[in-house]
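Shown next: work-v1.txt, given as compact mmCIF, C-alpha atoms.
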```txt
# COMPACT_ATOMS: atom_id res chain seq x y z
CA MET A 1 -10.13 -47.27 -98.94
CA PRO A 2 -11.30 -46.70 -102.55
CA GLU A 3 -10.28 -49.19 -105.20
CA ALA A 4 -9.40 -46.38 -107.61
CA LEU A 5 -8.21 -42.78 -107.56
CA ALA A 6 -8.92 -40.53 -110.55
CA VAL A 7 -6.34 -37.75 -110.87
CA VAL A 8 -7.41 -34.68 -112.84
CA SER A 9 -4.88 -32.24 -114.34
CA ALA A 10 -1.91 -33.30 -112.22
CA PRO A 11 1.49 -33.65 -113.90
CA VAL A 12 1.88 -37.18 -115.27
CA GLU A 13 5.22 -37.68 -113.51
CA TRP A 14 3.48 -37.40 -110.13
CA HIS A 15 1.22 -40.38 -110.80
CA ALA A 16 4.04 -42.83 -110.12
CA ASN A 17 4.66 -41.12 -106.78
CA LEU A 18 1.00 -41.42 -105.88
CA GLN A 19 0.86 -45.06 -106.92
CA ALA A 20 3.99 -45.82 -104.89
CA SER A 21 2.39 -44.21 -101.83
CA LEU A 22 -0.89 -46.09 -102.28
CA GLY A 23 0.64 -49.46 -103.06
CA THR A 24 -1.62 -52.13 -104.55
CA LEU A 25 -4.76 -51.23 -102.59
CA THR A 26 -5.77 -48.28 -104.76
CA LYS A 27 -5.16 -47.97 -108.52
CA VAL A 28 -4.28 -44.47 -109.77
CA HIS A 29 -5.92 -43.40 -113.06
CA TYR A 30 -5.01 -40.32 -115.07
CA ALA A 31 -8.02 -38.35 -116.32
CA LYS A 32 -7.10 -36.05 -119.22
CA SER A 33 -10.26 -33.99 -118.78
CA VAL A 34 -13.30 -33.56 -116.57
CA ALA A 35 -15.30 -35.58 -119.12
CA ASP A 36 -12.80 -38.44 -118.84
CA CYS A 37 -13.07 -38.25 -115.06
CA ALA A 38 -16.88 -38.34 -115.17
CA ALA A 39 -16.76 -41.45 -117.36
CA LEU A 40 -14.29 -43.11 -115.01
CA ILE A 41 -16.46 -42.37 -111.96
CA SER A 42 -19.55 -43.72 -113.73
CA ARG A 43 -17.98 -47.10 -114.47
CA THR A 44 -16.10 -47.59 -111.19
CA ASN A 45 -17.83 -48.71 -108.00
CA SER A 46 -15.27 -47.52 -105.45
CA ILE A 47 -13.41 -44.38 -106.49
CA ALA A 48 -12.11 -41.06 -105.16
CA VAL A 49 -11.15 -37.98 -107.20
CA LEU A 50 -8.05 -35.81 -106.85
CA ILE A 51 -8.48 -32.36 -108.44
CA THR A 52 -5.46 -30.15 -109.03
CA ILE A 53 -6.09 -26.61 -107.77
CA PRO A 54 -5.54 -24.13 -110.64
CA ALA A 55 -2.93 -21.39 -110.60
CA ARG A 56 -5.57 -18.69 -111.14
CA ALA A 57 -8.78 -18.01 -109.22
CA ASN A 58 -10.60 -17.22 -112.49
CA ASP A 59 -9.45 -20.37 -114.28
CA PRO A 60 -12.39 -21.73 -116.38
CA ALA A 61 -11.55 -25.24 -115.11
CA LEU A 62 -13.08 -24.30 -111.76
CA ASP A 63 -16.54 -24.20 -113.33
CA ASP A 64 -15.96 -27.67 -114.77
CA TYR A 65 -14.84 -28.91 -111.35
CA ARG A 66 -17.96 -27.48 -109.70
CA ARG A 67 -20.20 -29.22 -112.23
CA LEU A 68 -18.33 -32.48 -111.71
CA ARG A 69 -18.78 -32.18 -107.94
CA THR A 70 -22.49 -31.48 -108.37
CA LEU A 71 -22.91 -34.53 -110.61
CA PHE A 72 -21.11 -36.87 -108.20
CA GLN A 73 -22.01 -35.63 -104.73
CA GLN A 74 -21.49 -39.03 -103.11
CA THR A 75 -17.96 -39.48 -104.47
CA PRO A 76 -15.00 -38.47 -102.26
CA PHE A 77 -13.16 -35.45 -103.71
CA ILE A 78 -9.74 -34.16 -102.67
CA ALA A 79 -8.11 -30.89 -103.68
CA PHE A 80 -4.46 -31.26 -104.78
CA TYR A 81 -2.48 -28.18 -103.75
CA VAL A 82 0.72 -27.68 -105.76
CA SER A 83 3.16 -25.63 -103.70
CA GLY A 84 4.25 -22.45 -105.47
CA CYS A 85 1.61 -22.86 -108.17
CA SER A 86 -1.95 -23.37 -106.89
CA ASP A 87 -3.94 -20.25 -106.03
CA LEU A 88 -5.40 -20.03 -102.52
CA ARG A 89 -8.51 -18.29 -103.85
CA ALA A 90 -9.06 -21.22 -106.20
CA LEU A 91 -8.72 -23.54 -103.20
CA ALA A 92 -11.38 -21.50 -101.38
CA ALA A 93 -13.65 -21.76 -104.43
CA LEU A 94 -13.32 -25.54 -104.42
CA ALA A 95 -14.00 -25.65 -100.68
CA ALA A 96 -17.21 -23.70 -101.32
CA ALA A 97 -18.13 -26.41 -103.85
CA ASP A 98 -17.75 -29.05 -101.09
CA VAL A 99 -14.21 -30.20 -101.93
CA ARG A 100 -13.08 -29.96 -98.32
CA HIS A 101 -9.94 -32.05 -98.03
CA VAL A 102 -6.51 -31.09 -99.28
CA LEU A 103 -3.41 -33.06 -100.25
CA GLN A 104 -0.23 -30.99 -100.60
CA SER A 105 2.25 -31.79 -103.36
CA ASP A 106 5.20 -31.76 -100.96
CA ARG A 107 3.57 -34.63 -99.05
CA LEU A 108 2.96 -36.78 -102.09
CA HIS A 109 5.71 -39.23 -101.08
CA SER A 110 4.14 -39.85 -97.67
CA ALA A 111 1.75 -42.80 -97.70
CA GLU A 112 0.44 -41.65 -94.31
CA HIS A 113 -0.63 -38.24 -95.63
CA VAL A 114 -2.10 -39.62 -98.86
CA TYR A 115 -4.15 -42.20 -96.97
CA SER A 116 -5.17 -39.61 -94.39
CA ALA A 117 -6.56 -37.33 -97.11
CA LEU A 118 -8.39 -40.24 -98.75
CA ALA A 119 -9.82 -41.48 -95.45
CA ALA A 120 -11.00 -37.99 -94.47
CA SER A 121 -12.71 -37.41 -97.81
CA GLU A 122 -14.35 -40.85 -97.71
CA SER A 123 -15.63 -40.29 -94.17
CA TRP A 124 -17.14 -36.94 -95.13
CA SER A 125 -18.79 -38.38 -98.25
CA LEU A 126 -20.26 -41.25 -96.24
CA ALA A 127 -21.61 -38.84 -93.61
CA LEU A 128 -23.34 -36.83 -96.33
CA ARG A 129 -24.77 -39.98 -97.94
CA VAL A 130 -26.19 -41.25 -94.65
CA TRP A 131 -27.65 -37.86 -93.69
CA ARG A 132 -29.19 -37.13 -97.10
CA GLN A 133 -30.60 -40.60 -97.63
CA ALA A 134 -32.06 -40.58 -94.11
CA GLY A 135 -33.92 -37.35 -94.91
CA ILE A 136 -33.77 -36.16 -91.31
CA THR A 137 -35.34 -32.77 -90.62
CA VAL A 138 -33.80 -30.95 -87.66
CA GLY A 139 -32.30 -27.50 -87.03
CA ASP A 140 -29.09 -26.34 -88.67
CA GLU A 141 -27.01 -26.53 -85.49
CA LEU A 142 -28.02 -30.10 -84.77
CA SER A 143 -27.54 -31.06 -88.44
CA THR A 144 -23.96 -29.77 -88.29
CA LEU A 145 -23.29 -31.64 -85.05
CA MET A 146 -24.74 -34.87 -86.39
CA LEU A 147 -22.79 -34.62 -89.64
CA THR A 148 -19.63 -34.21 -87.58
CA ALA A 149 -20.54 -37.23 -85.45
CA LEU A 150 -21.35 -39.26 -88.58
CA ARG A 151 -18.00 -38.32 -90.10
CA LEU A 152 -16.21 -39.73 -87.04
CA GLY A 153 -18.69 -42.45 -86.19
CA HIS A 154 -16.93 -45.47 -87.70
CA GLU A 155 -15.15 -45.96 -84.41
CA PRO A 156 -15.92 -45.30 -80.73
CA LEU A 157 -16.08 -41.54 -80.28
CA ALA A 158 -15.62 -39.57 -77.06
CA VAL A 159 -17.41 -36.29 -76.36
CA PRO A 160 -14.17 -34.20 -76.21
CA ARG A 161 -13.20 -35.38 -79.70
CA LEU A 162 -16.66 -34.54 -81.06
CA ALA A 163 -16.46 -31.07 -79.53
CA LEU A 164 -13.00 -30.52 -81.01
CA ALA A 165 -14.13 -31.65 -84.46
CA ALA A 166 -17.18 -29.38 -84.20
CA GLN A 167 -14.84 -26.49 -83.27
CA MET A 168 -16.43 -25.83 -79.92
CA HIS A 169 -15.51 -26.24 -76.27
CA GLU A 170 -16.84 -29.39 -74.62
CA ARG A 171 -18.69 -27.20 -72.11
CA THR A 172 -20.40 -25.38 -74.99
CA LEU A 173 -21.49 -28.69 -76.49
CA ARG A 174 -22.99 -29.81 -73.19
CA LYS A 175 -24.75 -26.46 -72.77
CA TYR A 176 -26.20 -26.86 -76.26
CA CYS A 177 -27.69 -30.20 -75.24
CA ASP A 178 -29.05 -28.71 -72.01
CA ARG A 179 -30.60 -25.77 -73.88
CA HIS A 180 -32.43 -28.10 -76.25
CA ARG A 181 -33.43 -30.52 -73.47
CA LEU A 182 -31.28 -33.25 -75.01
CA PRO A 183 -29.46 -35.76 -72.82
CA THR A 184 -25.67 -35.89 -72.83
CA PRO A 185 -23.73 -35.42 -76.11
CA GLN A 186 -22.90 -39.12 -75.93
CA TRP A 187 -26.48 -39.75 -77.02
CA LEU A 188 -25.85 -37.81 -80.24
CA ILE A 189 -22.75 -39.90 -80.85
CA GLY A 190 -24.74 -43.07 -80.15
CA TRP A 191 -27.44 -42.04 -82.60
CA ALA A 192 -24.84 -41.24 -85.27
CA ARG A 193 -23.36 -44.72 -84.93
CA CYS A 194 -26.83 -46.24 -85.00
CA LEU A 195 -27.62 -44.36 -88.25
CA ILE A 196 -24.38 -45.59 -89.83
CA ALA A 197 -25.22 -49.16 -88.82
CA ALA A 198 -28.70 -48.72 -90.32
CA TYR A 199 -27.13 -47.45 -93.55
CA TYR A 200 -25.06 -50.63 -93.81
CA LEU A 201 -28.08 -52.77 -92.94
CA GLU A 202 -29.64 -51.53 -96.18
CA GLU A 203 -27.15 -53.72 -98.08
CA ARG A 204 -28.53 -57.15 -98.87
CA GLY A 205 -26.38 -59.93 -97.52
CA ARG A 206 -24.40 -57.62 -95.23
CA SER A 207 -23.91 -59.48 -91.94
CA ILE A 208 -24.07 -57.92 -88.49
CA GLN A 209 -20.54 -59.16 -87.87
CA SER A 210 -19.18 -57.39 -90.96
CA ILE A 211 -20.80 -54.13 -89.83
CA ALA A 212 -19.39 -54.61 -86.34
CA ASP A 213 -15.93 -55.05 -87.88
CA ILE A 214 -16.22 -51.90 -90.01
CA MET A 215 -17.47 -49.83 -87.06
CA HIS A 216 -14.97 -51.22 -84.57
CA PHE A 217 -17.46 -52.86 -82.23
CA ASN A 218 -15.82 -55.68 -80.30
CA SER A 219 -18.55 -58.11 -81.30
CA ALA A 220 -21.74 -58.45 -83.31
CA VAL A 221 -23.65 -58.72 -80.04
CA LEU A 222 -22.42 -55.30 -78.88
CA LEU A 223 -23.49 -53.76 -82.19
CA ALA A 224 -26.90 -55.43 -81.99
CA ASN A 225 -27.34 -54.13 -78.43
CA HIS A 226 -26.36 -50.62 -79.57
CA VAL A 227 -28.91 -50.66 -82.39
CA LYS A 228 -31.65 -51.91 -80.04
CA ARG A 229 -30.78 -49.32 -77.38
CA TYR A 230 -31.09 -46.33 -79.70
CA SER A 231 -33.69 -47.39 -82.24
CA GLY A 232 -35.76 -49.54 -79.91
CA LEU A 233 -35.71 -52.28 -82.55
CA THR A 234 -33.56 -55.30 -83.29
CA ALA A 235 -31.41 -55.33 -86.41
CA SER A 236 -33.78 -57.87 -87.97
CA GLU A 237 -36.79 -55.67 -87.23
CA LEU A 238 -35.01 -52.67 -88.73
CA ARG A 239 -34.22 -54.63 -91.88
CA ARG A 240 -37.84 -55.61 -92.35
CA ARG A 241 -39.09 -52.03 -91.91
CA GLY A 242 -36.40 -50.27 -93.94
CA PRO A 243 -33.33 -49.68 -91.74
CA LEU A 244 -32.25 -46.12 -92.47
CA THR A 245 -35.69 -44.56 -92.91
CA THR A 246 -37.03 -46.23 -89.77
CA CYS A 247 -33.98 -45.24 -87.73
CA ALA A 248 -34.21 -41.67 -89.04
CA ARG A 249 -37.84 -41.32 -87.93
CA GLN A 250 -36.91 -42.71 -84.52
CA PHE A 251 -34.14 -40.12 -84.24
CA GLU A 252 -36.55 -37.32 -85.11
CA GLU A 253 -38.88 -38.55 -82.37
CA PHE A 254 -35.94 -38.56 -79.97
CA VAL A 255 -35.19 -34.92 -80.84
CA ARG A 256 -38.85 -33.88 -80.39
CA THR A 257 -39.38 -35.70 -77.08
CA PRO A 258 -35.95 -36.53 -75.64
CA THR A 259 -37.11 -36.93 -72.03
CA LYS A 260 -39.88 -39.33 -72.98
CA TRP A 261 -37.56 -41.23 -75.32
CA THR A 262 -34.67 -41.69 -72.91
CA ALA A 263 -37.03 -42.65 -70.07
CA LYS A 264 -37.62 -45.88 -71.99
CA ARG A 265 -33.91 -46.66 -72.00
CA THR A 266 -30.93 -46.53 -69.71
CA GLY A 267 -29.20 -43.15 -70.08
CA ASP A 268 -25.48 -42.48 -70.37
```
Could the structure of this file be written out as structure tokens, please?
Amino acid sequence: MPEALAVVSAPVEWHANLQASLGTLTKVHYAKSVADCAALISRTNSIAVLITIPARANDPALDDYRRLRTLFQQTPFIAFYVSGCSDLRALAALAAADVRHVLQSDRLHSAEHVYSALAASESWSLALRVWRQAGITVGDELSTLMLTALRLGHEPLAVPRLALAAQMHERTLRKYCDRHRLPTPQWLIGWARCLIAAYYLEERGRSIQSIADIMHFNSAVLLANHVKRYSGLTASELRRRGPLTTCARQFEEFVRTPTKWTAKRTGD
């Protein structure tokens, strides 16, 4: 979870409710303006932003919000929908600016819903960071699938859940893989988890065990075996070569020649 939450344009009296829901894990900060919020993001390592959806679709604040989102693409953003006040067209405009997750004002007292919105926005931001920093070049359909798998890849992920998150039937997902001569969808999930592990391996001093804990592997050995199975390299070898870039190029090779690639390894 983020260490801080910047709240933009929400009524001051709601901040105490948010802080009560978040407890001591996340500190709520009130940003009087978009400029204040930008300054807060710049000086805080771990932060998410809660933007109040305006009451009018043509509110000038929307342009400021879009610019803020463009400046801080790797920061988790959440749209705060005030029942009876926020405009749905303004919500759609924020969604188009990549503010995809919504917290409703009538659920402000529920720690579960607040944390769910924060977790969802953080997962999406991480998926975008991994994908963009990896610089992987594949088709739009596969990019969308992999972003979905990356968003859910911090824990073991089953094919039915991936299909549901990608808004397709499991049979359709398997047919997609068949059509593109890819092995089972589980391989896409495995690659997504391997890319996330490679992203964490970029951090100096980050241990294999700490990554295994974050990604819900039962042991560091299981994570190391997973990395070796998909990338063909040990974690140490990946670190020496540049973990994320190397893993990304290996994934691109897998997409180009899946049969040749999987012949080297045991399939699912």
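In this model, the gap between atom CA of A:Phe217 and atom CA of A:His154 comes to 9.2 Å.
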Inset, instruction - Could you check how far atom CA of A:Leu162 sits from atom CA of A:Ala93, in Å to one decimal? - result: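 Computed distance, atom CA of A:Leu162 to atom CA of A:Ala93, equals 26.8 Å.
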Inset, instruction - With all atoms listed in the file counted, which protein, DNA or RNA residues have an atom no more than 9 Å from (-16.5, -45.3, -106.9) in the file frame? Please answer as a ChimeraX atom specification. - result: /A:2-5,40-48,74-76
Legend entry - One-decimal distance in Å that lies between atom CA of A:Val28 and atom CA of A:Arg66: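 It comes out at 21.8 Å.
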Legend entry - Neighbour list for A:Asn17 as a list in words, cut-off 12 Å, all atoms listed in the file, skip fewer than 2 positions in-chain: Ala10, Pro11, Val12, Glu13, Trp14, His15, Gln19, Ala20, Ser21, Leu22, Gly23, Val28, Ser105, Asp106, Arg107, Leu108, His109, Ser110, Ala111 and Val114 of chain A
Inset, instruction - Could you tell me which of A:Leu88, A:Ala79, A:Leu145, A:Ala38 comes closest to A:Arg56 if we count only C-alpha atoms? - result: A:Leu88
Legend entry - Nearby residues, (-1.7, -23.9, -107.8) file frame, 6 Å, only C-alpha atoms, as a list in words: Ile53, Pro54, Ala55, Tyr81, Val82, Cys85, Ser86 and Asp87 of chain A
Inset, instruction - Can you work out which one of A:Lys32, A:Arg240, A:Arg256, A:Arg100 has the shortest atom-to-atom distance to A:Gly139, counting only C-alpha atoms? - result: A:Arg256
